[in-house]
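Source file: entry_24.txt (compact mmCIF, C-alpha atoms and all ligand atoms)
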# COMPACT_ATOMS: atom_id res chain seq x y z
CA MET A 1 95.44 114.95 -159.56
CA THR A 2 97.01 118.30 -158.95
CA GLY A 3 95.51 121.07 -156.93
CA LEU A 4 93.51 118.60 -154.86
CA VAL A 5 93.30 120.88 -151.85
CA ALA A 6 92.22 123.90 -153.92
CA ARG A 7 89.46 121.87 -155.61
CA ASP A 8 88.41 120.42 -152.24
CA ARG A 9 88.09 123.94 -150.81
CA GLU A 10 85.47 124.80 -153.42
CA HIS A 11 82.87 122.16 -152.51
CA VAL A 12 83.81 119.66 -149.82
CA TRP A 13 82.98 119.73 -146.13
CA HIS A 14 85.35 118.09 -143.59
CA PRO A 15 84.65 116.68 -140.10
CA TYR A 16 83.89 119.37 -137.50
CA ALA A 17 85.23 121.94 -139.98
CA SER A 18 84.42 125.51 -140.89
CA VAL A 19 84.10 126.34 -144.58
CA VAL A 20 84.55 130.01 -143.73
CA SER A 21 87.92 129.76 -141.98
CA PRO A 22 89.18 126.33 -143.02
CA ALA A 23 91.91 124.46 -141.14
CA PRO A 24 95.03 123.15 -142.93
CA LEU A 25 94.41 120.24 -145.29
CA TRP A 26 96.67 117.76 -147.11
CA GLY A 27 95.86 115.61 -150.13
CA VAL A 28 96.66 111.89 -149.85
CA VAL A 29 97.51 109.97 -153.03
CA ASP A 30 98.59 106.62 -151.54
CA ALA A 31 98.48 104.75 -148.24
CA HIS A 32 100.61 101.68 -147.57
CA GLY A 33 101.57 99.97 -144.30
CA THR A 34 102.08 102.79 -141.81
CA ARG A 35 102.71 105.44 -144.50
CA LEU A 36 100.49 108.09 -146.03
CA THR A 37 101.86 109.62 -149.26
CA LEU A 38 100.92 113.23 -149.84
CA GLU A 39 100.27 114.97 -153.16
CA ASP A 40 103.68 116.63 -153.05
CA GLY A 41 105.42 113.26 -152.64
CA ARG A 42 106.12 113.54 -148.92
CA GLU A 43 105.51 110.47 -146.75
CA LEU A 44 103.97 110.74 -143.29
CA VAL A 45 104.12 108.04 -140.62
CA ASP A 46 100.55 107.42 -139.49
CA GLY A 47 99.96 107.97 -135.78
CA MET A 48 96.12 107.89 -135.91
CA SER A 49 95.14 104.57 -137.56
CA SER A 50 92.55 106.76 -139.31
CA TRP A 51 90.68 107.32 -136.05
CA TRP A 52 91.33 103.98 -134.29
CA ALA A 53 90.42 101.91 -137.36
CA ALA A 54 93.46 100.89 -139.46
CA ILE A 55 95.00 98.61 -136.83
CA HIS A 56 96.81 96.46 -139.44
CA GLY A 57 98.02 99.49 -141.42
CA TYR A 58 96.92 100.34 -144.95
CA ARG A 59 96.48 97.90 -147.85
CA HIS A 60 97.19 94.80 -145.80
CA PRO A 61 97.24 91.95 -148.36
CA VAL A 62 94.89 89.78 -146.29
CA LEU A 63 92.27 92.53 -146.10
CA ASP A 64 92.67 93.53 -149.75
CA ARG A 65 92.24 89.89 -150.79
CA ALA A 66 89.04 89.54 -148.75
CA LEU A 67 87.63 92.63 -150.45
CA HIS A 68 88.62 91.50 -153.95
CA GLU A 69 87.14 88.03 -153.43
CA GLN A 70 83.85 89.46 -152.22
CA VAL A 71 83.68 92.01 -155.08
CA ASP A 72 84.03 89.08 -157.48
CA THR A 73 81.18 87.27 -155.70
CA PHE A 74 78.71 90.10 -155.01
CA SER A 75 79.07 93.51 -153.40
CA HIS A 76 75.67 93.96 -151.84
CA VAL A 77 72.20 92.57 -151.48
CA MET A 78 69.45 93.86 -149.19
CA PHE A 79 69.37 92.16 -145.77
CA GLY A 80 65.58 92.09 -145.40
CA GLY A 81 64.52 88.54 -146.19
CA LEU A 82 67.99 87.59 -147.49
CA THR A 83 71.21 86.48 -145.81
CA HIS A 84 74.75 85.63 -146.91
CA GLU A 85 77.94 83.92 -145.80
CA PRO A 86 79.93 87.10 -144.89
CA ALA A 87 77.24 88.27 -142.43
CA VAL A 88 76.69 84.87 -140.85
CA ALA A 89 80.42 84.16 -140.56
CA LEU A 90 81.12 87.57 -139.04
CA ALA A 91 78.27 87.22 -136.54
CA GLU A 92 79.63 83.81 -135.50
CA LEU A 93 83.11 85.28 -135.08
CA LEU A 94 81.89 88.28 -133.04
CA VAL A 95 79.87 86.04 -130.74
CA ALA A 96 82.94 83.81 -130.33
CA VAL A 97 85.36 86.63 -129.38
CA THR A 98 83.01 88.50 -127.01
CA PRO A 99 81.66 87.27 -123.62
CA GLN A 100 79.45 84.20 -123.98
CA GLU A 101 76.40 86.06 -122.67
CA LEU A 102 76.28 88.07 -125.92
CA THR A 103 74.52 85.88 -128.46
CA ARG A 104 72.78 88.14 -130.98
CA VAL A 105 74.34 90.57 -133.51
CA PHE A 106 72.72 93.57 -135.21
CA PHE A 107 74.85 95.10 -138.00
CA ALA A 108 74.90 98.87 -138.48
CA ASP A 109 76.65 101.19 -140.91
CA SER A 110 78.66 103.27 -138.42
CA GLY A 111 79.46 103.60 -134.75
CA SER A 112 76.89 106.31 -134.17
CA VAL A 113 74.18 104.11 -135.67
CA ALA A 114 75.32 101.17 -133.50
CA VAL A 115 74.78 103.42 -130.46
CA GLU A 116 71.34 104.48 -131.73
CA VAL A 117 70.54 100.79 -132.13
CA ALA A 118 71.77 100.03 -128.58
CA VAL A 119 69.63 102.80 -127.08
CA LYS A 120 66.55 101.73 -129.08
CA MET A 121 67.13 98.10 -128.05
CA CYS A 122 67.07 99.12 -124.38
CA LEU A 123 63.89 101.18 -124.78
CA GLN A 124 62.13 98.50 -126.79
CA TYR A 125 63.26 95.88 -124.25
CA TRP A 126 61.46 97.73 -121.46
CA GLN A 127 58.34 98.13 -123.63
CA GLY A 128 58.44 94.37 -124.17
CA ARG A 129 58.74 93.84 -120.43
CA GLY A 130 55.76 96.11 -119.73
CA ARG A 131 57.77 99.08 -118.47
CA PRO A 132 57.54 101.78 -121.18
CA ASP A 133 58.24 104.37 -118.46
CA ARG A 134 61.85 103.13 -118.29
CA ASN A 135 62.96 105.26 -121.23
CA ARG A 136 65.97 107.35 -120.11
CA MET A 137 69.67 106.57 -120.20
CA LEU A 138 72.13 107.04 -117.34
CA THR A 139 75.69 108.00 -118.25
CA VAL A 140 78.85 109.68 -116.98
CA ARG A 141 80.17 113.05 -118.06
CA GLY A 142 83.19 113.11 -120.37
CA GLY A 143 81.76 110.44 -122.68
CA TYR A 144 81.62 110.34 -126.46
CA HIS A 145 79.22 108.06 -128.32
CA GLY A 146 78.80 109.60 -131.77
CA ASP A 147 77.18 112.45 -133.65
CA THR A 148 73.60 111.38 -134.39
CA ALA A 149 70.78 112.63 -132.16
CA GLY A 150 70.46 109.67 -129.80
CA ALA A 151 74.22 109.28 -129.54
CA MET A 152 74.63 113.03 -128.91
CA SER A 153 72.16 112.82 -126.05
CA VAL A 154 74.59 110.62 -124.09
CA CYS A 155 77.76 112.53 -125.05
CA ASP A 156 79.25 114.92 -122.51
CA PRO A 157 76.84 117.87 -122.38
CA VAL A 158 79.72 120.38 -122.20
CA THR A 159 82.51 118.98 -124.40
CA GLY A 160 79.96 117.23 -126.64
CA MET A 161 77.39 118.95 -128.85
CA HIS A 162 74.61 119.35 -126.30
CA GLY A 163 75.19 123.07 -126.14
CA LEU A 164 74.27 123.64 -129.79
CA PHE A 165 71.39 121.15 -129.94
CA ARG A 166 69.97 121.30 -126.43
CA GLU A 167 66.35 121.61 -127.53
CA TYR A 168 66.71 118.82 -130.09
CA VAL A 169 68.31 115.91 -128.24
CA ALA A 170 66.66 113.74 -125.59
CA GLU A 171 67.28 114.61 -121.96
CA GLN A 172 69.29 111.92 -120.19
CA VAL A 173 70.61 111.52 -116.64
CA PHE A 174 74.27 112.46 -116.13
CA VAL A 175 76.63 111.89 -113.22
CA GLU A 176 80.13 113.32 -112.81
CA ARG A 177 82.86 111.64 -114.80
CA PRO A 178 84.69 108.75 -113.11
CA ARG A 179 87.13 110.35 -110.62
CA PRO A 180 89.86 107.74 -110.11
CA ALA A 181 92.26 107.50 -113.03
CA TYR A 182 93.43 104.10 -114.26
CA GLY A 183 95.59 102.60 -111.50
CA GLU A 184 94.30 104.94 -108.78
CA PRO A 185 92.33 103.49 -105.86
CA LEU A 186 88.56 103.85 -105.71
CA LEU A 187 87.51 105.93 -102.69
CA ASP A 188 84.32 105.64 -100.63
CA GLY A 189 82.44 108.61 -102.10
CA ASP A 190 83.36 108.05 -105.73
CA LEU A 191 80.00 106.59 -106.72
CA ASP A 192 77.77 108.63 -104.38
CA GLN A 193 76.34 110.59 -107.32
CA VAL A 194 75.57 107.33 -109.10
CA ARG A 195 73.73 106.06 -106.01
CA ALA A 196 71.82 109.35 -105.74
CA ALA A 197 70.88 109.34 -109.44
CA LEU A 198 69.70 105.73 -109.22
CA ALA A 199 67.65 106.49 -106.10
CA GLU A 200 66.05 109.53 -107.75
CA HIS A 201 65.45 108.19 -111.27
CA ARG A 202 65.52 104.38 -111.10
CA ASP A 203 61.92 103.95 -112.22
CA ARG A 204 62.51 105.86 -115.44
CA LEU A 205 66.03 104.60 -116.24
CA ALA A 206 66.28 101.95 -118.97
CA ALA A 207 70.06 101.46 -119.01
CA VAL A 208 73.48 102.85 -118.26
CA ILE A 209 75.81 103.49 -121.21
CA VAL A 210 79.58 104.02 -120.85
CA GLU A 211 82.84 103.57 -122.68
CA PRO A 212 84.61 101.01 -120.47
CA VAL A 213 87.91 102.24 -118.91
CA VAL A 214 88.86 104.67 -121.74
CA GLN A 215 86.81 107.77 -122.46
CA GLY A 216 87.87 108.54 -126.04
CA ALA A 217 86.91 111.68 -127.95
CA GLY A 218 85.29 113.13 -124.78
CA GLY A 219 88.73 113.73 -123.23
CA MET A 220 91.02 110.72 -123.74
CA ARG A 221 90.83 109.78 -120.06
CA PHE A 222 91.71 106.37 -118.66
CA TYR A 223 89.66 105.56 -115.54
CA SER A 224 89.75 102.92 -112.85
CA PRO A 225 88.37 99.47 -113.72
CA ASP A 226 87.23 99.31 -110.07
CA TYR A 227 84.94 102.28 -110.78
CA LEU A 228 83.50 100.47 -113.79
CA ARG A 229 82.92 97.28 -111.80
CA GLU A 230 81.13 99.19 -109.02
CA LEU A 231 79.05 101.19 -111.51
CA VAL A 232 77.88 98.02 -113.22
CA GLN A 233 76.99 96.41 -109.91
CA LEU A 234 74.98 99.40 -108.68
CA CYS A 235 73.12 99.69 -111.99
CA ARG A 236 72.29 95.99 -112.04
CA GLU A 237 70.99 96.19 -108.47
CA ALA A 238 68.67 98.98 -109.67
CA GLY A 239 67.47 96.79 -112.54
CA LEU A 240 69.12 98.79 -115.36
CA LEU A 241 70.52 97.22 -118.50
CA VAL A 242 74.24 97.80 -119.06
CA VAL A 243 75.52 99.07 -122.42
CA PHE A 244 79.24 99.22 -123.23
CA ASP A 245 80.46 101.32 -126.13
CA GLU A 246 83.71 99.62 -127.26
CA ILE A 247 83.69 101.29 -130.68
CA ALA A 248 87.08 102.92 -129.95
CA THR A 249 88.53 100.39 -127.49
CA GLY A 250 87.54 97.08 -129.08
CA PHE A 251 89.95 94.71 -130.84
CA GLY A 252 93.03 95.11 -128.68
CA ARG A 253 93.64 98.86 -128.48
CA THR A 254 93.89 99.04 -124.66
CA GLY A 255 96.05 95.92 -124.35
CA THR A 256 93.12 93.52 -123.79
CA LEU A 257 90.90 92.34 -126.65
CA PHE A 258 88.08 94.44 -125.17
CA ALA A 259 88.51 97.17 -122.54
CA MET A 260 85.83 95.61 -120.32
CA GLU A 261 88.30 92.79 -119.61
CA HIS A 262 90.34 95.20 -117.44
CA ALA A 263 87.37 95.11 -115.04
CA GLY A 264 86.10 91.59 -115.71
CA VAL A 265 82.56 92.81 -116.32
CA VAL A 266 80.07 91.91 -119.05
CA PRO A 267 77.34 94.14 -120.49
CA ASP A 268 73.85 93.30 -121.76
CA VAL A 269 74.50 95.28 -124.94
CA LEU A 270 77.86 95.92 -126.65
CA CYS A 271 78.72 98.31 -129.50
CA VAL A 272 81.76 97.69 -131.72
CA GLY A 273 82.94 99.56 -134.80
CA LYS A 274 86.02 101.50 -135.94
CA ALA A 275 88.74 98.76 -136.02
CA LEU A 276 86.11 96.13 -136.93
CA THR A 277 86.98 96.27 -140.65
CA GLY A 278 90.63 97.16 -140.11
CA GLY A 279 89.86 100.65 -141.40
CA THR A 280 88.74 99.62 -144.86
CA MET A 281 84.95 99.95 -144.88
CA THR A 282 82.33 101.52 -142.64
CA LEU A 283 80.71 98.89 -140.41
CA ALA A 284 79.65 98.57 -136.79
CA ALA A 285 77.67 96.07 -134.78
CA THR A 286 75.50 95.98 -131.67
CA LEU A 287 75.55 92.69 -129.76
CA CYS A 288 73.10 91.74 -127.03
CA THR A 289 72.13 88.91 -124.72
CA THR A 290 69.36 86.42 -125.42
CA GLU A 291 67.33 88.04 -122.60
CA VAL A 292 67.55 91.49 -124.25
CA ALA A 293 66.75 90.10 -127.70
CA GLU A 294 63.70 88.23 -126.39
CA GLY A 295 62.52 91.25 -124.40
CA VAL A 296 62.79 93.48 -127.49
CA CYS A 297 60.55 91.09 -129.42
CA ALA A 298 58.19 90.27 -126.53
CA THR A 299 55.34 92.42 -127.80
CA GLY A 300 55.12 90.26 -130.90
CA GLY A 301 56.77 92.65 -133.37
CA GLY A 302 60.34 92.97 -134.58
CA PHE A 303 63.12 95.32 -133.58
CA MET A 304 62.37 98.63 -135.28
CA HIS A 305 65.59 99.37 -137.13
CA GLY A 306 66.92 98.30 -140.54
CA PRO A 307 69.48 100.27 -142.54
CA THR A 308 69.48 100.00 -146.35
CA PHE A 309 73.09 98.83 -146.39
CA MET A 310 72.74 96.59 -143.33
CA ALA A 311 75.39 93.82 -143.20
CA ASN A 312 77.01 94.95 -146.45
CA PRO A 313 78.84 91.84 -147.72
CA LEU A 314 82.06 93.69 -148.62
CA ALA A 315 82.25 95.21 -145.14
CA CYS A 316 81.36 91.93 -143.40
CA ALA A 317 83.88 89.93 -145.44
CA VAL A 318 86.74 92.31 -144.73
CA ALA A 319 85.71 92.60 -141.05
CA ALA A 320 85.88 88.83 -140.61
CA ALA A 321 89.30 88.84 -142.30
CA SER A 322 90.52 91.68 -140.07
CA VAL A 323 89.34 90.11 -136.81
CA GLN A 324 90.78 86.73 -137.80
CA LEU A 325 94.09 88.36 -138.81
CA LEU A 326 94.23 90.00 -135.38
CA LEU A 327 93.51 86.72 -133.56
CA ASP A 328 96.07 84.82 -135.66
CA GLY A 329 98.84 87.30 -134.77
CA ASP A 330 100.54 88.07 -131.48
CA TRP A 331 98.57 91.23 -130.74
CA PRO A 332 99.20 91.15 -126.95
CA SER A 333 102.95 91.56 -127.50
CA ASP A 334 102.38 94.18 -130.22
CA LEU A 335 100.28 96.20 -127.80
CA ALA A 336 102.75 95.72 -124.93
CA ARG A 337 105.53 96.98 -127.22
CA LEU A 338 103.43 99.95 -128.37
CA GLU A 339 102.76 100.83 -124.71
CA ARG A 340 106.47 100.71 -123.81
CA ARG A 341 107.54 102.76 -126.85
CA LEU A 342 104.80 105.36 -126.42
CA LEU A 343 105.65 105.75 -122.71
CA ALA A 344 109.35 106.17 -123.42
CA GLY A 345 108.83 108.37 -126.48
CA LEU A 346 106.31 110.76 -124.90
CA ALA A 347 108.06 110.99 -121.49
CA PRO A 348 110.14 114.07 -122.48
CA ALA A 349 106.86 116.00 -122.94
CA ARG A 350 106.21 115.77 -119.18
CA THR A 351 108.66 118.54 -118.38
CA LEU A 352 107.62 120.91 -121.20
CA PRO A 353 105.91 124.14 -120.17
CA GLY A 354 102.24 124.12 -121.20
CA VAL A 355 101.89 120.35 -120.78
CA ALA A 356 99.37 119.30 -118.11
CA ASP A 357 99.66 115.52 -118.35
CA VAL A 358 101.17 112.66 -120.33
CA ARG A 359 99.46 109.25 -120.19
CA VAL A 360 99.63 105.95 -122.04
CA LEU A 361 97.44 102.83 -121.99
CA GLY A 362 98.05 100.02 -124.45
CA GLY A 363 98.30 101.55 -127.92
CA ILE A 364 97.00 104.98 -126.87
CA GLY A 365 99.38 107.84 -126.05
CA VAL A 366 98.11 111.24 -124.87
CA VAL A 367 99.79 114.59 -124.25
CA GLU A 368 97.26 116.89 -122.58
CA LEU A 369 98.05 120.58 -122.85
CA ALA A 370 97.25 123.11 -120.12
CA GLY A 371 95.38 125.35 -122.55
CA PRO A 372 94.10 125.36 -126.13
CA PRO A 373 97.00 125.46 -128.61
CA ASP A 374 97.21 127.30 -131.93
CA ALA A 375 95.76 124.21 -133.60
CA ALA A 376 96.81 125.06 -137.16
CA ARG A 377 100.43 125.80 -136.19
CA LEU A 378 100.62 122.65 -134.07
CA GLN A 379 99.21 120.55 -136.93
CA GLU A 380 101.70 122.08 -139.42
CA ALA A 381 104.58 121.42 -137.02
CA LEU A 382 103.58 117.76 -136.69
CA VAL A 383 103.40 117.28 -140.47
CA ALA A 384 106.73 119.08 -140.91
CA ARG A 385 108.22 116.38 -138.63
CA GLY A 386 106.89 113.61 -140.83
CA ALA A 387 104.03 112.33 -138.66
CA TRP A 388 100.27 112.27 -139.16
CA VAL A 389 98.87 113.15 -135.75
CA ARG A 390 95.67 115.16 -135.44
CA PRO A 391 95.35 117.24 -132.26
CA PHE A 392 91.87 117.71 -130.82
CA GLY A 393 91.28 120.61 -128.45
CA ARG A 394 93.92 120.42 -125.69
CA LEU A 395 94.79 116.83 -126.61
CA VAL A 396 97.66 115.72 -128.79
CA TYR A 397 97.18 111.96 -128.98
CA THR A 398 98.26 108.96 -130.98
CA MET A 399 96.88 105.46 -131.51
CA PRO A 400 99.24 104.01 -134.13
CA PRO A 401 98.62 100.89 -136.25
CA TYR A 402 99.62 97.73 -134.33
CA ILE A 403 102.16 96.93 -137.09
CA SER A 404 104.14 100.15 -136.41
CA SER A 405 107.87 99.53 -136.16
CA ASP A 406 109.92 100.95 -133.30
CA GLU A 407 111.25 103.52 -135.76
CA ASP A 408 107.70 104.51 -136.81
CA LEU A 409 106.82 104.98 -133.15
CA ARG A 410 109.95 107.07 -132.59
CA THR A 411 108.98 109.31 -135.52
CA VAL A 412 105.46 109.81 -134.16
CA THR A 413 106.42 110.42 -130.52
CA SER A 414 109.35 112.71 -131.30
CA ALA A 415 107.12 114.68 -133.69
CA ILE A 416 104.61 115.15 -130.87
CA VAL A 417 107.26 116.21 -128.36
CA GLY A 418 109.01 118.46 -130.89
CA ALA A 419 105.83 120.09 -132.20
CA VAL A 420 104.55 120.77 -128.69
CA ALA A 421 107.93 122.21 -127.70
CA GLU A 422 107.96 124.47 -130.78
CA THR A 423 104.36 125.70 -130.82
CA VAL A 424 103.08 125.41 -127.24
CA ALA A 425 106.00 125.45 -124.81
CA ALA A 426 107.67 128.33 -126.67
CA GLN A 427 104.53 130.50 -126.52
CA PRO A 428 104.00 133.11 -123.78
CA ALA A 429 101.60 131.80 -121.11
CA ALA A 430 98.92 134.30 -122.12
CA ALA A 431 98.63 132.59 -125.51
CA GLY A 432 97.34 129.46 -123.75
C1 LIG B 501 83.93 107.08 -132.95
C2 LIG B 501 83.03 106.65 -131.85
C3 LIG B 501 81.64 106.54 -132.04
C4 LIG B 501 80.97 106.94 -133.34
O1 LIG B 501 81.36 106.14 -134.40
P1 LIG B 501 81.19 106.67 -135.90
O2 LIG B 501 81.58 105.51 -136.75
O3 LIG B 501 82.09 107.86 -136.04
O4 LIG B 501 79.75 107.05 -136.07
C5 LIG B 501 80.88 106.11 -130.97
N1 LIG B 501 81.44 105.78 -129.78
C6 LIG B 501 82.76 105.86 -129.58
C7 LIG B 501 83.33 105.46 -128.25
C8 LIG B 501 83.60 106.31 -130.59
O5 LIG B 501 84.93 106.42 -130.37
Please express the file's structure as C-alpha cells.
Ligand SMILES: *Cc1c(COP(=O)(O)O)cnc(C)c1O
Amino acid sequence: MTGLVARDREHVWHPYASVVSPAPLWGVVDAHGTRLTLEDGRELVDGMSSWWAAIHGYRHPVLDRALHEQVDTFSHVMFGGLTHEPAVALAELLVAVTPQELTRVFFADSGSVAVEVAVKMCLQYWQGRGRPDRNRMLTVRGGYHGDTAGAMSVCDPVTGMHGLFREYVAEQVFVERPRPAYGEPLLDGDLDQVRAALAEHRDRLAAVIVEPVVQGAGGMRFYSPDYLRELVQLCREAGLLVVFDEIATGFGRTGTLFAMEHAGVVPDVLCVGKALTGGTMTLAATLCTTEVAEGVCATGGGFMHGPTFMANPLACAVAAASVQLLLDGDWPSDLARLERRLLAGLAPARTLPGVADVRVLGGIGVVELAGPPDAARLQEALVARGAWVRPFGRLVYTMPPYISSDEDLRTVTSAIVGAVAETVAAQPAAAG
C-alpha cells in the first residue's frame, strides 16, 4: 500500500479538483474513533466528520455490527415490487423523529438526489392539483443543495456552479440571502424582496427551498430563526409548498435534532442525508406530508423517480442503528459541550489579522478569512498540527464528531488558530 498518492495521481479524480494542478493529498490507511491514520503512520484528529457525516466517529461498534449483520442476511435487493425490514424500520424511525406532519419517506442514494426528488415532488404535486404552471422554485442566495442539475439550479448563482452551467440548469427565482445573523433582530424591510418576488411570480412558483438556519457549503452562515419563520409564513400565504434541506443540519449538528426546531416551523417536504448513516454508507431520504404524497399521485400515476439502489438494505440498516444510537445517547449535552469548546478554542482567531469573523453554532465552528488564503499552504499547516480540517474558499471550518474529547477539540481549534496565524495573518495584505 505504498505510494498511494502517486498512484492516485495517475487516474483518480477528487471532489472539485483539478487534475492539471492538483491540490495536496494524503493517503488514509485506517480510521478509528476521531482519528485518521495516514500512510506514513501519522494520526490526525478529525475535525470534519467526513463532511458532516461521521457524527459517532469511525468504526463505531454499534454501526459496524449493524453492517455485519445485514451483510450476513442480504446486501441488496431491488426496491421495485419488493420491500425489507431495514427500509420499513428506518422509514418508521424517520417519521417518528421528524414533525408528525411528515408521514411518507422516499429513499435516495445521496443528498443531491434527495433534493432532485424534493423538487420533482413539488412539481408533480402541482400537476396533480391541476396547476402545471406552478413549476419554478423560490430560494435565497447563499444556499447549497448539491451538485446535480436540479440541485444546482437552487444553489447560489454566484458561489454555486450557475456561472459554468448557466445555459444548462433551470431558471429559478432568487432573493437576497437572509440578512439578520443568528441572534440578530429581524428588521421591517428584511423580507421585502421575498414579498416582491411572491407578488411578481406567485402563479408560477411551486415551492420555496431553503436550508433552515444554517447555510452550509454556500458560505457557512447562521441566520435568524425569525427570518425563517417569516419566510415560511409568507410563502404559505402565497400557496407555495415549503421544502427544508436538512442534509447538513439534521441529526443534532446545530444543537437541536433538526435546525428547523430553532424556528418552530415545519415543512411540507424535508431532505435528510449526510449524518443519516453515521458516515458509513451513502443514503439520503426525502420525507413529505400526506397532502403532498396524495397530490403527487392525484393524476393516477406514480411518482416518477426510482434509483437502482433505492433503500439499499446495508445503508438502511446502518442508518437505523446510527439514528437510534444518537437518540439513546445524551446528544444535547455533547452538542452543548462542543459549542462551548469550539467558542473558547476559536476565540483567539478573532484578533488575528486577515480574519473577518469567527462564529459557532452547536457543533459547527467557522473562521471566515477576509480574503482567499493560499489554500495548499493553509491545508499543509493544518495537517502539520495534527488536525484534519479542510478549508473551503475563505472559510476554515470544523464540524467534529460528537464523540470528540475536549483534548480532540483543543487539537482541532488550536490547529485552526495556529495555521491561520502562520499562513494568513503573517502574509502581507496584498496576498489576500
Ligand atoms: C452536502 C449537501 C447536499 C448534497 O448532498 P450529497 O450527498 O453531497 O449529494 C445537499 N444539501 C446540503 C445542505 C448539503 O450540505
**Report entry** Nearest residue to Met121 of chain A from the set A:Leu93, A:Ala199, A:Cys271, A:Val266 (distances using all atoms listed in the file)
**Finding:**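 Answer, going by the shortest atom-to-atom distance: A:Cys271.
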Report task. Find the residues near Ala356 of chain A: any atom within 6 Å, counting only C-alpha atoms, skip ones fewer than 6 places away on the same chain, and give them as an MDAnalysis selection string. Result -> chainID A and resid 368:370
Query raised in the report: Using all atoms listed in the file, which of A:Pro313, A:Gly362, A:Gly111, A:Gly219 sits nearest Ile247 of chain A?
Result: A:Gly111
I'd like a table as a Markdown table: residues in chain A with an atom no more than 10 Å from ligand LIG 501 (chain B), each row giving the shortest atom pair and its distance in Å to one decimal, all atoms listed in the file counted, sorted by chain and rising residue number.
| residue | atom | partner | partner_atom | distance |
| --- | --- | --- | --- | --- |
| A:Trp51 | CA | B:LIG501 | C1 | 7.4 |
| A:Trp52 | CA | B:LIG501 | O5 | 7.9 |
| A:Ala53 | CA | B:LIG501 | C1 | 9.4 |
| A:Ala108 | CA | B:LIG501 | O2 | 9.6 |
| A:Asp109 | CA | B:LIG501 | O2 | 7.8 |
| A:Ser110 | CA | B:LIG501 | O2 | 4.0 |
| A:Gly111 | CA | B:LIG501 | O1 | 3.2 |
| A:Ser112 | CA | B:LIG501 | O4 | 3.5 |
| A:Val113 | CA | B:LIG501 | O4 | 6.3 |
| A:Ala114 | CA | B:LIG501 | O4 | 7.8 |
| A:Val115 | CA | B:LIG501 | C5 | 6.7 |
| A:Glu116 | CA | B:LIG501 | C5 | 9.7 |
| A:Gly143 | CA | B:LIG501 | C7 | 7.6 |
| A:Tyr144 | CA | B:LIG501 | C7 | 5.5 |
| A:His145 | CA | B:LIG501 | N1 | 3.5 |
| A:Gly146 | CA | B:LIG501 | C4 | 3.8 |
| A:Asp147 | CA | B:LIG501 | O4 | 6.5 |
| A:Thr148 | CA | B:LIG501 | O4 | 7.7 |
| A:Ala151 | CA | B:LIG501 | C5 | 7.5 |
| A:Met152 | CA | B:LIG501 | C5 | 9.5 |
| A:Cys155 | CA | B:LIG501 | N1 | 9.0 |
| A:Val210 | CA | B:LIG501 | C7 | 8.4 |
| A:Glu211 | CA | B:LIG501 | C7 | 5.9 |
| A:Pro212 | CA | B:LIG501 | C7 | 9.1 |
| A:Val214 | CA | B:LIG501 | C7 | 8.6 |
| A:Gln215 | CA | B:LIG501 | C7 | 7.1 |
| A:Gly216 | CA | B:LIG501 | O5 | 5.6 |
| A:Ala217 | CA | B:LIG501 | O5 | 6.1 |
| A:Gly218 | CA | B:LIG501 | C7 | 8.6 |
| A:Met220 | CA | B:LIG501 | O5 | 10.0 |
| A:Phe244 | CA | B:LIG501 | C7 | 9.0 |
| A:Asp245 | CA | B:LIG501 | C7 | 5.5 |
| A:Glu246 | CA | B:LIG501 | C7 | 5.9 |
| A:Ile247 | CA | B:LIG501 | C6 | 4.8 |
| A:Ala248 | CA | B:LIG501 | O5 | 4.1 |
| A:Thr249 | CA | B:LIG501 | C7 | 7.3 |
| A:Gly250 | CA | B:LIG501 | C7 | 9.4 |
| A:Cys271 | CA | B:LIG501 | N1 | 8.0 |
| A:Val272 | CA | B:LIG501 | N1 | 8.3 |
| A:Gly273 | CA | B:LIG501 | O2 | 6.4 |
| A:Lys274 | CA | B:LIG501 | O2 | 6.0 |
| A:Ala275 | CA | B:LIG501 | O2 | 9.9 |
| A:Thr282 | CA | B:LIG501 | O2 | 7.2 |
| A:Leu283 | CA | B:LIG501 | O2 | 7.6 |
| A:Ala284 | CA | B:LIG501 | O2 | 7.2 |
Query - Spatial neighbours of Ala6 of chain A, max dist 12 Å, only C-alpha atoms, sep filter under 2 positions, as a list in words - result: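 Near neighbours after the sequence-gap exclusion: Met1, Thr2, Gly3, Leu4, Asp8, Arg9, Glu10, His11, Val12, Pro22, Pro24, Leu25, Trp26 and Gly27 of chain A.
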Query - Selection near segment 399-405 of chain A, 7 Å with all atoms listed in the file, sequence-local residues under 4 positions removed, as a list in words - result: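 With the cut-off at 7 Å, the set is Thr34, Asp46, Gly47, Met48, Ser49, Trp52, Ala54, Ile55, His56, Gly57, Asp334, Leu335, Gly363, Ile364, Gly365 and Leu409 of chain A.
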Could you write those residues out with C-alpha atoms, as a PDB file, in the frame of the given file?
ATOM      1  CA  THR A  34     102.080 102.790-141.810  1.00  0.00           C
ATOM      2  CA  ASP A  46     100.550 107.420-139.490  1.00  0.00           C
ATOM      3  CA  GLY A  47      99.960 107.970-135.780  1.00  0.00           C
ATOM      4  CA  MET A  48      96.120 107.890-135.910  1.00  0.00           C
ATOM      5  CA  SER A  49      95.140 104.570-137.560  1.00  0.00           C
ATOM      6  CA  TRP A  52      91.330 103.980-134.290  1.00  0.00           C
ATOM      7  CA  ALA A  54      93.460 100.890-139.460  1.00  0.00           C
ATOM      8  CA  ILE A  55      95.000  98.610-136.830  1.00  0.00           C
ATOM      9  CA  HIS A  56      96.810  96.460-139.440  1.00  0.00           C
ATOM     10  CA  GLY A  57      98.020  99.490-141.420  1.00  0.00           C
ATOM     11  CA  ASP A 334     102.380  94.180-130.220  1.00  0.00           C
ATOM     12  CA  LEU A 335     100.280  96.200-127.800  1.00  0.00           C
ATOM     13  CA  GLY A 363      98.300 101.550-127.920  1.00  0.00           C
ATOM     14  CA  ILE A 364      97.000 104.980-126.870  1.00  0.00           C
ATOM     15  CA  GLY A 365      99.380 107.840-126.050  1.00  0.00           C
ATOM     16  CA  LEU A 409     106.820 104.980-133.150  1.00  0.00           C
TER      17      LEU A 409
END
Query raised in the report: So how far away is atom CA of Ala207 of chain A from atom CA of Glu291 of chain A, in Å?
Result: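 Between these atoms lies a distance of 14.2 Å.
With distances restricted to all atoms listed in the file, A:Leu314 is the closest residue to Asp64 of chain A from A:Phe222, A:Leu314, A:Ala419, A:Asp190.
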Is it possible to get the axis-aligned box enclosing segment 414-428 of chain A (all listed atoms, 5 Å extra per side) as lines of an AutoDock Vina configuration file, with centre and edge lengths in Å rounded to one decimal?
center_x = 106.2
center_y = 122.9
center_z = -128.7
size_x = 16.3
size_y = 30.4
size_z = 19.9
